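Engineer: Mind looking over this structure? Questions follow.
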Amino acid sequence: MLRTLYSEVCGTDVHLRHGRLAGVPYPIIPGHVSIGHLAAIRGDITDIEGNQFREGDLVTFLDVHETCGRCHECLVTKQTTRCAKRKVYGISYGVADGPLGGWADHIWMKPGVKLVRIPKGLDPLTFIAGGCGLVTAVHATERGEIRLGMSVAVLGAGPVGQAAVALARLSGAHPVIAIGAPASRLAFATRMGASHAISLDVAPEERAAQVRALTGGRGVDVVIEAAGDPRAVGQALDLVRDGGRVVVAGQYTDGGDVSLNPHRQINKKHVEMRGCWGCDYSHLHRALELLVHQASVLPWGEAITARYGLERTNEALQAVESRAVVKAVIEPR
Ligand SMILES: [Zn+2]
Ligand SMILES: [Zn+2]
């Protein structure tokens with residue numbers, strides 16, 4: 001059992017509130033990425049180094065659970081985030097399954113949950129500030145294969161976009177162009193490492209012209225789409241250079257169809273498009289390592305612009321939906 005210290009409110013929770021995710025066993029306890037102290041342990045539980053967990057340890061855990069390790073996706077194509085058996089805390093467990101969400105004072109760690117100790121010196125608030133957005137951005141950056149000296153555009157200035165900007169910067173990319181709204185989020189993206197910021201108030205064609213002007217007329221090597229609006233995918237294809245790469249990470253729910261021009265935007269452009277679905281243990285592990293060693297370089301913790309008790313979760317969801325805050329944190333006690 002984990003005594004919850006913080007859980008977070010992410011865009012997915014807003015989608016869950018509006019019933020936009022398929023197959024969710026409502027009612028649920030929301031909250032997928034959480035941090036807390038181990039309140040009670042039954043049996044021996046060890047981390048990946050073999051070190052035993054003890055009651056009182058400050059830990060987080062991979063919200064993805066029950067990846068089966070025996071299906072075609074797990075064993076043959078090795079994309080465990082597509083395992084049909086996997087469950088996610090706060091999303092695909094219902095209240096009837098037990099206390100399996102972070103917006104609660106305690107969370108049940110089911111057998112086999114992958115716990116990770118929070119290293120000494122890492123502020124729990126800094127961890128939750130990175131949270132699910134950072135873990136997702138680690139995966140998206142990996143899919144984007146961002147290298148030293150590459151030019152990168154990040155679409156979306158929410159938690160995933162902010163973290164993707166930071167990771168592109170830490171990967172040695174330049175320029176790192178953040179495109180999003182509102183102005184307060186773009187200003188924060190600049191502090192997280194964006195060398196340039198372009199507002200959604202600028203018309204899409206003009207945004208593409210500005211990106212080309214920053215990249216010798218070619219467009220960027222990699223676009224990370226973390227916007228959530230399906231129209232961002234068309235924009236991503238207009239911003240990427242010939243032969244560049246687009247990672248679609250923001251379309252976690254079905255936002256509808258968009259029209260593309262396959263000849264002009266994909267085939268002739270020789271472009272590579274990659275989806276990015278969910279996360280596995282490696283992304284959480286690396287996110288934590290990164291925060292331990294790089295937390296002081298960038299203002300991660302300042303992403304949290306509001307903290308809410310359990311009685312104010314509707315307010316927290318509203319603040320995230322209206323983009324009034326970059327990141328809202330639930331503090332159950
Ligand atoms: Zn599987
Ligand atoms: Zn999330």
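Labeling convention for the structure tokens: chains A, B, ... as they appear, residues from 1 per chain, ligands from 1 in order of appearance.
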Mind listing the residues within 10 Å of ligand 1, only C-alpha atoms and all ligand atoms counted, as a list in words?

Structural biologist: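 So, counting only C-alpha atoms and all ligand atoms, the residues near ligand 1 are Glu66, Thr67, Cys68, Gly69, Arg70, Cys71, His72, Glu73, Cys74, Leu75, Val76, Lys78, Gln79, Thr80, Thr81, Arg82, Cys83, Ala84, Lys85 and Arg86 of chain A.
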
Engineer: Hey, which residues come within 12 Å of ligand 2 if we count only C-alpha atoms and all ligand atoms? Could you give them as a PyMOL selection string?

Structural biologist: chain A and resi 7-16+30-34+62-64+88-91+102+128-137+158-160+249-250+252-253+277-279+320+327-329

Engineer: Output as a tab-separated table one row per residue of range 179-244 of chain A within 10 Å of range 301-312 of chain A: the closest atom pair and its distance in Å to one decimal place, counting only C-alpha atoms, sorted by chain and residue number ascending.

Structural biologist:
```
residue	atom	partner	partner_atom	distance
A:Arg185	CA	A:Ala303	CA	9.2
A:Phe188	CA	A:Ala303	CA	7.8
A:Ala189	CA	A:Ala303	CA	9.7
A:Met192	CA	A:Ala303	CA	9.5
```

Engineer: Quote the spacing between CA of Leu200 in chain A and CA of Ile177 in chain A in Å to one decimal place.

Structural biologist: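 These atoms are spaced 12.7 Å apart.
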
Engineer: Of the candidates A:Arg323, A:Arg143, A:Arg3, A:Lys110, which shows the shortest atom-to-atom distance to Ala181 in chain A, using only C-alpha atoms?

Structural biologist: A:Arg323

Engineer: Where does DSSP see strand (DSSP E or B) in range 128-221 of chain A, if you list the residues as a ChimeraX atom specification?

Structural biologist: /A:152-155,176-180,196-199,220-221

Engineer: For the atom pair CA of Val152 in chain A and CA of Thr126 in chain A, what is the interatomic distance in Å to one decimal place?

Structural biologist: 25.0 Å

Engineer: State, in Å with one decimal place, the distance from CA of Pro119 in chain A to CA of Asp57 in chain A.

Structural biologist: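 Here the two named atoms are 10.1 Å from each other.
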
Engineer: Determine, for each residue of range 138-194 of chain A having at least one atom at most 10 Å from an atom of range 232-240 of chain A, the closest pair of atoms and their separation in Å to one decimal, counting only C-alpha atoms; order by chain and ascending number, as CSV.

Structural biologist:
```
residue,atom,partner,partner_atom,distance
A:Ser151,CA,A:Val240,CA,9.5
A:Val152,CA,A:Val240,CA,8.7
A:Ala153,CA,A:Leu239,CA,7.7
A:Val154,CA,A:Ala236,CA,8.8
A:Leu155,CA,A:Ala232,CA,7.0
A:Gly156,CA,A:Ala232,CA,8.6
```

Engineer: Take the residues just selected and output them with N, CA, C and O atoms as a compact mmCIF listing (two decimals), in the first residue's frame.

Structural biologist:
```
# COMPACT_ATOMS: atom_id res chain seq x y z
N SER A 151 17.64 20.12 -35.72
CA SER A 151 16.61 21.13 -35.45
C SER A 151 15.30 20.41 -35.12
O SER A 151 14.98 19.39 -35.72
N VAL A 152 14.60 20.96 -34.12
CA VAL A 152 13.40 20.29 -33.62
C VAL A 152 12.28 21.31 -33.44
O VAL A 152 12.52 22.42 -32.96
N ALA A 153 11.08 20.94 -33.82
CA ALA A 153 9.89 21.73 -33.48
C ALA A 153 9.00 20.87 -32.60
O ALA A 153 8.83 19.67 -32.84
N VAL A 154 8.47 21.48 -31.55
CA VAL A 154 7.54 20.78 -30.65
C VAL A 154 6.19 21.48 -30.75
O VAL A 154 6.10 22.68 -30.50
N LEU A 155 5.18 20.74 -31.13
CA LEU A 155 3.83 21.30 -31.23
C LEU A 155 3.07 20.98 -29.95
O LEU A 155 2.94 19.82 -29.58
N GLY A 156 2.60 22.03 -29.28
CA GLY A 156 1.91 21.85 -28.01
C GLY A 156 2.78 22.32 -26.87
O GLY A 156 3.97 21.97 -26.81
```

Engineer: Give me the residues within 12 Å of Val220 in chain A as a PyMOL selection string, counting only C-alpha atoms and dropping any in the same chain fewer than 2 places off.

Structural biologist: chain A and resi 144+146+149-154+173-178+208-218+222-224+236-246+271

Engineer: Give me a file of those residues, with N, CA and C atoms, as a short mmCIF file (atom, residue, chain, number, x, y, z; two decimals), in the first residue's frame.

Structural biologist:
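Listing of selection-v5.cif after writing:
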```
data_model
loop_
_atom_site.label_atom_id
_atom_site.label_comp_id
_atom_site.auth_asym_id
_atom_site.auth_seq_id
_atom_site.Cartn_x
_atom_site.Cartn_y
_atom_site.Cartn_z
N GLY A 144 11.79 9.90 -31.82
CA GLY A 144 12.25 10.95 -32.73
C GLY A 144 13.73 10.83 -33.06
N ILE A 146 16.31 12.08 -31.68
CA ILE A 146 16.89 13.42 -31.71
C ILE A 146 18.38 13.32 -31.37
N GLY A 149 22.77 18.72 -32.53
CA GLY A 149 22.76 19.63 -33.68
C GLY A 149 21.54 19.54 -34.57
N MET A 150 20.60 18.67 -34.26
CA MET A 150 19.38 18.59 -35.07
C MET A 150 18.45 19.76 -34.73
N SER A 151 17.64 20.12 -35.72
CA SER A 151 16.61 21.13 -35.45
C SER A 151 15.30 20.41 -35.12
N VAL A 152 14.60 20.96 -34.12
CA VAL A 152 13.40 20.29 -33.62
C VAL A 152 12.28 21.31 -33.44
N ALA A 153 11.08 20.94 -33.82
CA ALA A 153 9.89 21.73 -33.48
C ALA A 153 9.00 20.87 -32.60
N VAL A 154 8.47 21.48 -31.55
CA VAL A 154 7.54 20.78 -30.65
C VAL A 154 6.19 21.48 -30.75
N ALA A 173 19.89 19.62 -29.40
CA ALA A 173 19.23 20.12 -30.61
C ALA A 173 19.27 21.64 -30.64
N HIS A 174 19.26 22.18 -31.86
CA HIS A 174 19.14 23.62 -32.05
C HIS A 174 18.81 23.90 -33.52
N PRO A 175 17.87 24.77 -33.81
CA PRO A 175 16.98 25.42 -32.83
C PRO A 175 15.95 24.43 -32.29
N VAL A 176 15.40 24.78 -31.12
CA VAL A 176 14.26 24.05 -30.55
C VAL A 176 13.09 25.03 -30.57
N ILE A 177 12.14 24.76 -31.43
CA ILE A 177 11.06 25.72 -31.67
C ILE A 177 9.77 25.22 -31.03
N ALA A 178 9.27 25.97 -30.06
CA ALA A 178 8.00 25.59 -29.41
C ALA A 178 6.86 26.33 -30.08
N ALA A 208 4.69 28.01 -40.49
CA ALA A 208 5.58 27.19 -41.32
C ALA A 208 6.66 28.07 -41.96
N ALA A 209 6.28 29.28 -42.38
CA ALA A 209 7.26 30.19 -42.99
C ALA A 209 8.33 30.58 -41.96
N GLN A 210 7.89 30.82 -40.72
CA GLN A 210 8.85 31.20 -39.67
C GLN A 210 9.81 30.04 -39.37
N VAL A 211 9.27 28.82 -39.36
CA VAL A 211 10.13 27.64 -39.09
C VAL A 211 11.14 27.47 -40.23
N ARG A 212 10.68 27.65 -41.46
CA ARG A 212 11.62 27.54 -42.60
C ARG A 212 12.70 28.62 -42.51
N ALA A 213 12.29 29.82 -42.10
CA ALA A 213 13.27 30.91 -41.99
C ALA A 213 14.35 30.59 -40.94
N LEU A 214 13.98 29.79 -39.95
CA LEU A 214 14.93 29.45 -38.88
C LEU A 214 15.80 28.25 -39.24
N THR A 215 15.49 27.60 -40.38
CA THR A 215 16.18 26.34 -40.71
C THR A 215 16.71 26.36 -42.14
N GLY A 216 17.17 27.49 -42.59
CA GLY A 216 17.77 27.58 -43.92
C GLY A 216 16.80 27.26 -45.03
N GLY A 217 15.52 27.47 -44.77
CA GLY A 217 14.51 27.25 -45.80
C GLY A 217 14.03 25.81 -45.90
N ARG A 218 14.62 24.91 -45.06
CA ARG A 218 14.34 23.48 -45.24
C ARG A 218 13.21 22.92 -44.38
N VAL A 222 13.21 17.12 -37.01
CA VAL A 222 12.24 16.31 -36.26
C VAL A 222 11.12 17.21 -35.74
N VAL A 223 9.90 16.75 -35.89
CA VAL A 223 8.77 17.41 -35.23
C VAL A 223 8.18 16.45 -34.21
N ILE A 224 8.01 16.93 -32.98
CA ILE A 224 7.30 16.16 -31.97
C ILE A 224 5.91 16.80 -31.84
N ALA A 236 2.52 19.50 -38.62
CA ALA A 236 3.81 18.85 -38.40
C ALA A 236 4.44 18.47 -39.74
N LEU A 237 3.62 17.94 -40.65
CA LEU A 237 4.14 17.53 -41.97
C LEU A 237 4.58 18.73 -42.79
N ASP A 238 3.99 19.89 -42.53
CA ASP A 238 4.43 21.09 -43.24
C ASP A 238 5.70 21.69 -42.64
N LEU A 239 5.98 21.36 -41.39
CA LEU A 239 7.14 21.96 -40.72
C LEU A 239 8.40 21.12 -40.88
N VAL A 240 8.23 19.82 -41.13
CA VAL A 240 9.39 18.93 -41.17
C VAL A 240 10.12 19.10 -42.52
N ARG A 241 11.42 18.90 -42.50
CA ARG A 241 12.18 19.00 -43.76
C ARG A 241 11.95 17.75 -44.62
N ASP A 242 12.36 17.79 -45.86
CA ASP A 242 12.31 16.60 -46.71
C ASP A 242 13.13 15.49 -46.03
N GLY A 243 12.57 14.31 -45.92
CA GLY A 243 13.31 13.20 -45.31
C GLY A 243 13.38 13.27 -43.80
N GLY A 244 12.67 14.23 -43.20
CA GLY A 244 12.70 14.35 -41.74
C GLY A 244 11.71 13.40 -41.08
N ARG A 245 11.54 13.58 -39.77
CA ARG A 245 10.75 12.63 -39.00
C ARG A 245 9.69 13.35 -38.19
N VAL A 246 8.48 12.80 -38.18
CA VAL A 246 7.39 13.35 -37.37
C VAL A 246 6.98 12.29 -36.36
N VAL A 271 9.06 11.64 -46.16
CA VAL A 271 9.04 11.89 -44.72
C VAL A 271 8.77 10.60 -43.96
#
```

Engineer: Could you go through range 239-295 of chain A and tell me which residues DSSP, when run on the backbone, assigns to alpha helix (DSSP H), listing them as a list in words?

Structural biologist: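 Output for range 239-295 of chain A, alpha helix (DSSP H) only: Leu239, Tyr281, Ser282, His283, Leu284, His285, Arg286, Ala287, Leu288, Glu289, Leu290, Leu291, Val292, His293 and Gln294 of chain A.
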
Engineer: In terms of the shortest atom-to-atom distance over only C-alpha atoms, which of A:Gly121, A:Gly255, A:Pro25, A:Gly50 is closest to Val292 in chain A?

Structural biologist: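 For Val292 in chain A, the nearest of the candidates is A:Gly121.
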
Engineer: Restricting the calculation to only C-alpha atoms: of A:Pro230, A:Gly43, A:Phe53, A:Ser195, which residue gets closest to Leu260 in chain A?

Structural biologist: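 The shortest atom-to-atom distance to Leu260 in chain A comes from A:Pro230.
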